[in-house]
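A short worksheet on the structure shown next.
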Amino acid sequence: MKRLIAFCAGSAILAASVPAAADEEVSLAGFGTVAYAQSNRSYRYQRFIDSGGTFQRDSRLGVQLDVRLTPAWSATVQAALAPAADSDRQWDLALPWAFLSWRPDNDWLLRAGKLRLPLLRYSETMDVGTTFNFARLPIEVYSLAPTAEVSGVAVARSWLDERRELSLEGYLGSADSYWRFFRRDATPRSRPRGAWFEHIEMWLTGALLTVREGDHRLRLSVHRGDVKRVDAPIPVTYPFVPVGGGGYYQVTDALPGPGVPTVDRVLNYTFTASAEFVLPREFIVTGEAVRRRVTRATLGTDSWAAYVALQKRIGAWTPYVYVARILSSSAARRLYADVNGNLLPASTPGADIINPSQRLGVDSLDVFDQRSVAVGSAYLLTPQQKLKVEWLHSRTGSTSGFLDAPSGENSGHRAVDVLSLSYNFTF
């Protein structure tokens with residue numbers, strides 16, 4: 001609440017400080033979402049959603065200041081209040097955008113600072129709920145972007161003719177973020193059950209191609225990320241240690257064994273494809289796919305995901321349906337299954353330590369096997385306001401990192417239904 005009050009007070013002061021005579025040079029805008037989501041399960045889904053209901057999953061508030069310094073130079077700053085990336089309980093006031101732009105002519109655009117790049121169809125406006133009709137963007141796809149923001153430089157070149165607009169953009173920069181993991185069980189003499197966050201640093205580069213023709217659009221992109229975990233090296237895999245007629249997987253050097261092989265950093269190669277077509281009778285078809293290839297370690301983030309959505313405009317209403325899928329690599333799913341299903345008999349010395357340690361080890365692999373279907377509708381109150389309602393049904397295969405498994409159980413082979421209501425606005 002203190003952060004919200006401070007944010008609103010700061011926005012008011014910023015708005016009051018903009019001279020009325022500078023309307024053509026300075027613009028101040030804001031956006032927000034007030035959203036409620038409730039599932040039919042007691043355990044949490046997508047960090048916050050359970051049978052008790054929550055406003056924290058999708059609610060947020062933002063303000064953006066654009067200043068035109070000269071005909072060629074401009075500056076943009078955006079502040080946003082949203083759930084923290086490194087805590088399930090806190091809210092964070094951050095600057096998603098803070099960059100300087102130079103447009104020497106209509107064809108070239110150079111930006112430097114903190115940017116949000118158009119990786120996917122809604123990446124640039126994912127916090128502005130009035131720009132799309134879904135209650136929330138499909139997490140299967142939008143969770144696979146390397147990061148939402150990057151601090152660096154971006155150069156874009158555009159070509160425009162009577163029929164279409166084509167733009168090619170390249171960027172280079174760094175970012176830091178957090179990986180969230182969920183510990184199903186308390187580890188004896190170690191860590192309690194619950195979520196934990198690993199701080200990561202990334203060096204990123206990539207290129208994006210966007211084609212627009214009327215209301216149709218196509219986007220392709222490729223990205224390379226050099227990812228480092230700040231506080232510890234990244235495990236490559238878990239070696240098997242024979243014991244009697246069986247054995248266990250060494251998930252930490254605290255257990256006897258040859259040692260867990262690690263690397264200081266991994267490389268992420270992310271490929272995206274997005275397409276949207278407006279069809280006759282006000283139908284809209286949108287499809288997006290992401291492939292994230294991780295080298296040097298067997299992690300569940302080595303995965304692919306896709307969704308396809310059908311929308312139809314009916315006056316102020318836009319009902320929609322989408323189906324989505326995410327699947328980690330076979331190597332990651334196999335390692336998860338091998339370690340998760342391996343239990344030493346309780347009579348084996350050390351089994352009370354080794355068995356929960358193995359479960360902790362697989363919980364840090366962040367493996368995904370999930371599919372979802374959503375049905376909902378947006379209602380346009382005014383050009384600046386939308387109401388949305390959605391029913392989402394998600395089903396997990398072998399496991400899903402989006403679901404916080406109950407104590408002593410797995411996240412696999414479960415079904416979750418979520419009802420969401422939201423009010424989205426700009427000002």
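Ordered as shown in the structure tokens, chains take letters A, B, and onward, while each chain numbers its residues from 1 and ligands are numbered from 1 in the order shown.
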Spatial neighbours of Phe181 (chain A), 9 Å, only C-alpha atoms, chain gap at least 3 places, as a PyMOL selection string: chain A and resi 194-198+363-366+401+404
Keeping only N, CA, C and O atoms, take the residues you just selected and write them out as an mmCIF file, in the first residue's frame.
```cif
data_model
loop_
_atom_site.group_PDB
_atom_site.id
_atom_site.type_symbol
_atom_site.label_atom_id
_atom_site.label_comp_id
_atom_site.auth_asym_id
_atom_site.auth_seq_id
_atom_site.Cartn_x
_atom_site.Cartn_y
_atom_site.Cartn_z
ATOM 1 N N GLY A 194 8.445 -24.087 -0.212
ATOM 2 C CA GLY A 194 7.984 -22.811 -0.747
ATOM 3 C C GLY A 194 8.815 -22.349 -1.923
ATOM 4 O O GLY A 194 9.725 -23.037 -2.393
ATOM 5 N N ALA A 195 8.500 -21.164 -2.414
ATOM 6 C CA ALA A 195 9.170 -20.601 -3.584
ATOM 7 C C ALA A 195 10.525 -20.024 -3.196
ATOM 8 O O ALA A 195 10.721 -19.524 -2.092
ATOM 9 N N TRP A 196 11.461 -20.114 -4.149
ATOM 10 C CA TRP A 196 12.716 -19.380 -4.010
ATOM 11 C C TRP A 196 13.103 -18.838 -5.390
ATOM 12 O O TRP A 196 12.605 -19.289 -6.417
ATOM 13 N N PHE A 197 13.959 -17.834 -5.365
ATOM 14 C CA PHE A 197 14.277 -17.082 -6.576
ATOM 15 C C PHE A 197 15.785 -17.038 -6.775
ATOM 16 O O PHE A 197 16.535 -16.772 -5.831
ATOM 17 N N GLU A 198 16.209 -17.322 -7.992
ATOM 18 C CA GLU A 198 17.628 -17.273 -8.347
ATOM 19 C C GLU A 198 17.879 -16.048 -9.219
ATOM 20 O O GLU A 198 17.234 -15.865 -10.261
ATOM 21 N N ASP A 363 13.119 -30.147 -8.636
ATOM 22 C CA ASP A 363 12.328 -28.915 -8.585
ATOM 23 C C ASP A 363 13.098 -27.739 -9.180
ATOM 24 O O ASP A 363 12.496 -26.775 -9.651
ATOM 25 N N SER A 364 14.423 -27.801 -9.174
ATOM 26 C CA SER A 364 15.222 -26.714 -9.728
ATOM 27 C C SER A 364 15.470 -26.874 -11.231
ATOM 28 O O SER A 364 16.114 -26.011 -11.831
ATOM 29 N N LEU A 365 14.947 -27.947 -11.845
ATOM 30 C CA LEU A 365 15.097 -28.117 -13.294
ATOM 31 C C LEU A 365 14.072 -27.309 -14.081
ATOM 32 O O LEU A 365 14.268 -27.039 -15.268
ATOM 33 N N ASP A 366 12.944 -26.933 -13.448
ATOM 34 C CA ASP A 366 11.926 -26.091 -14.076
ATOM 35 C C ASP A 366 11.430 -26.703 -15.388
ATOM 36 O O ASP A 366 11.474 -26.081 -16.453
ATOM 37 N N GLY A 401 6.231 -26.398 -14.309
ATOM 38 C CA GLY A 401 6.802 -25.418 -13.405
ATOM 39 C C GLY A 401 5.863 -24.278 -13.078
ATOM 40 O O GLY A 401 6.164 -23.456 -12.213
ATOM 41 N N ASP A 404 2.462 -25.021 -8.327
ATOM 42 C CA ASP A 404 3.130 -25.318 -7.057
ATOM 43 C C ASP A 404 2.523 -26.585 -6.472
ATOM 44 O O ASP A 404 1.412 -26.548 -5.914
#
```
Exercise: region 109-123 of chain A partners within 7 Å, only C-alpha atoms, chain neighbours under 5 positions left out, as a list in words: Pro96, Trp97, Ala98, Phe99, Leu100, Ser101, Trp102, Arg103, Ala148, Glu149, Val150, Ser151, Gly152, Val153, Ala154, Val155, Ala156, Arg157, Ser221 and Ser274 of chain A
Could you turn the residues from that selection into a file that holds C-alpha atoms, as a PDB file, in the first residue's frame?
```pdb
ATOM      1  CA  PRO A  96      10.451  -0.891 -17.673  1.00  0.00           C
ATOM      2  CA  TRP A  97      11.273   1.870 -20.178  1.00  0.00           C
ATOM      3  CA  ALA A  98      13.860   4.635 -19.894  1.00  0.00           C
ATOM      4  CA  PHE A  99      15.456   5.409 -23.246  1.00  0.00           C
ATOM      5  CA  LEU A 100      16.536   8.110 -25.649  1.00  0.00           C
ATOM      6  CA  SER A 101      15.474   7.946 -29.313  1.00  0.00           C
ATOM      7  CA  TRP A 102      17.035   9.464 -32.413  1.00  0.00           C
ATOM      8  CA  ARG A 103      15.155   9.384 -35.711  1.00  0.00           C
ATOM      9  CA  ALA A 148      10.844  -8.394 -20.891  1.00  0.00           C
ATOM     10  CA  GLU A 149      13.414  -5.576 -20.919  1.00  0.00           C
ATOM     11  CA  VAL A 150      17.015  -5.049 -21.958  1.00  0.00           C
ATOM     12  CA  SER A 151      19.423  -2.212 -21.220  1.00  0.00           C
ATOM     13  CA  GLY A 152      21.387  -1.419 -24.357  1.00  0.00           C
ATOM     14  CA  VAL A 153      20.980  -0.108 -27.876  1.00  0.00           C
ATOM     15  CA  ALA A 154      18.587  -0.940 -30.707  1.00  0.00           C
ATOM     16  CA  VAL A 155      18.653   0.084 -34.371  1.00  0.00           C
ATOM     17  CA  ALA A 156      15.641  -0.233 -36.671  1.00  0.00           C
ATOM     18  CA  ARG A 157      15.260   0.325 -40.412  1.00  0.00           C
ATOM     19  CA  SER A 221      12.932 -13.045 -34.482  1.00  0.00           C
ATOM     20  CA  SER A 274       4.030 -14.540 -34.779  1.00  0.00           C
TER      21      SER A 274
END
```
Of the listed residues A:Leu403, A:Leu220, A:Leu381, A:Leu255, that which approaches Arg47 (chain A) most closely, counting only C-alpha atoms: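 Of the candidates, the smallest distance to Arg47 (chain A) is held by A:Leu403.
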Proximity to Trp73 (chain A) - best of A:Asp215, A:Glu25, A:Asp369, A:Glu288, only C-alpha atoms: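 Residue with the minimum atom-to-atom distance to Trp73 (chain A): A:Glu25.
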Selected residue of minimal separation from Gly173 (chain A) among A:Asn410, A:Ser27, A:Thr295, A:Thr147, counting only C-alpha atoms: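 Among the listed residues, the smallest separation from Gly173 (chain A) belongs to A:Thr147.
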Polymer residues at most 12 Å from Phe55 (chain A), only C-alpha atoms, same-chain spacing of 4 or more positions, as a ChimeraX atom specification: /A:33-38,47-50,59-60,82-83,89,91,420-423
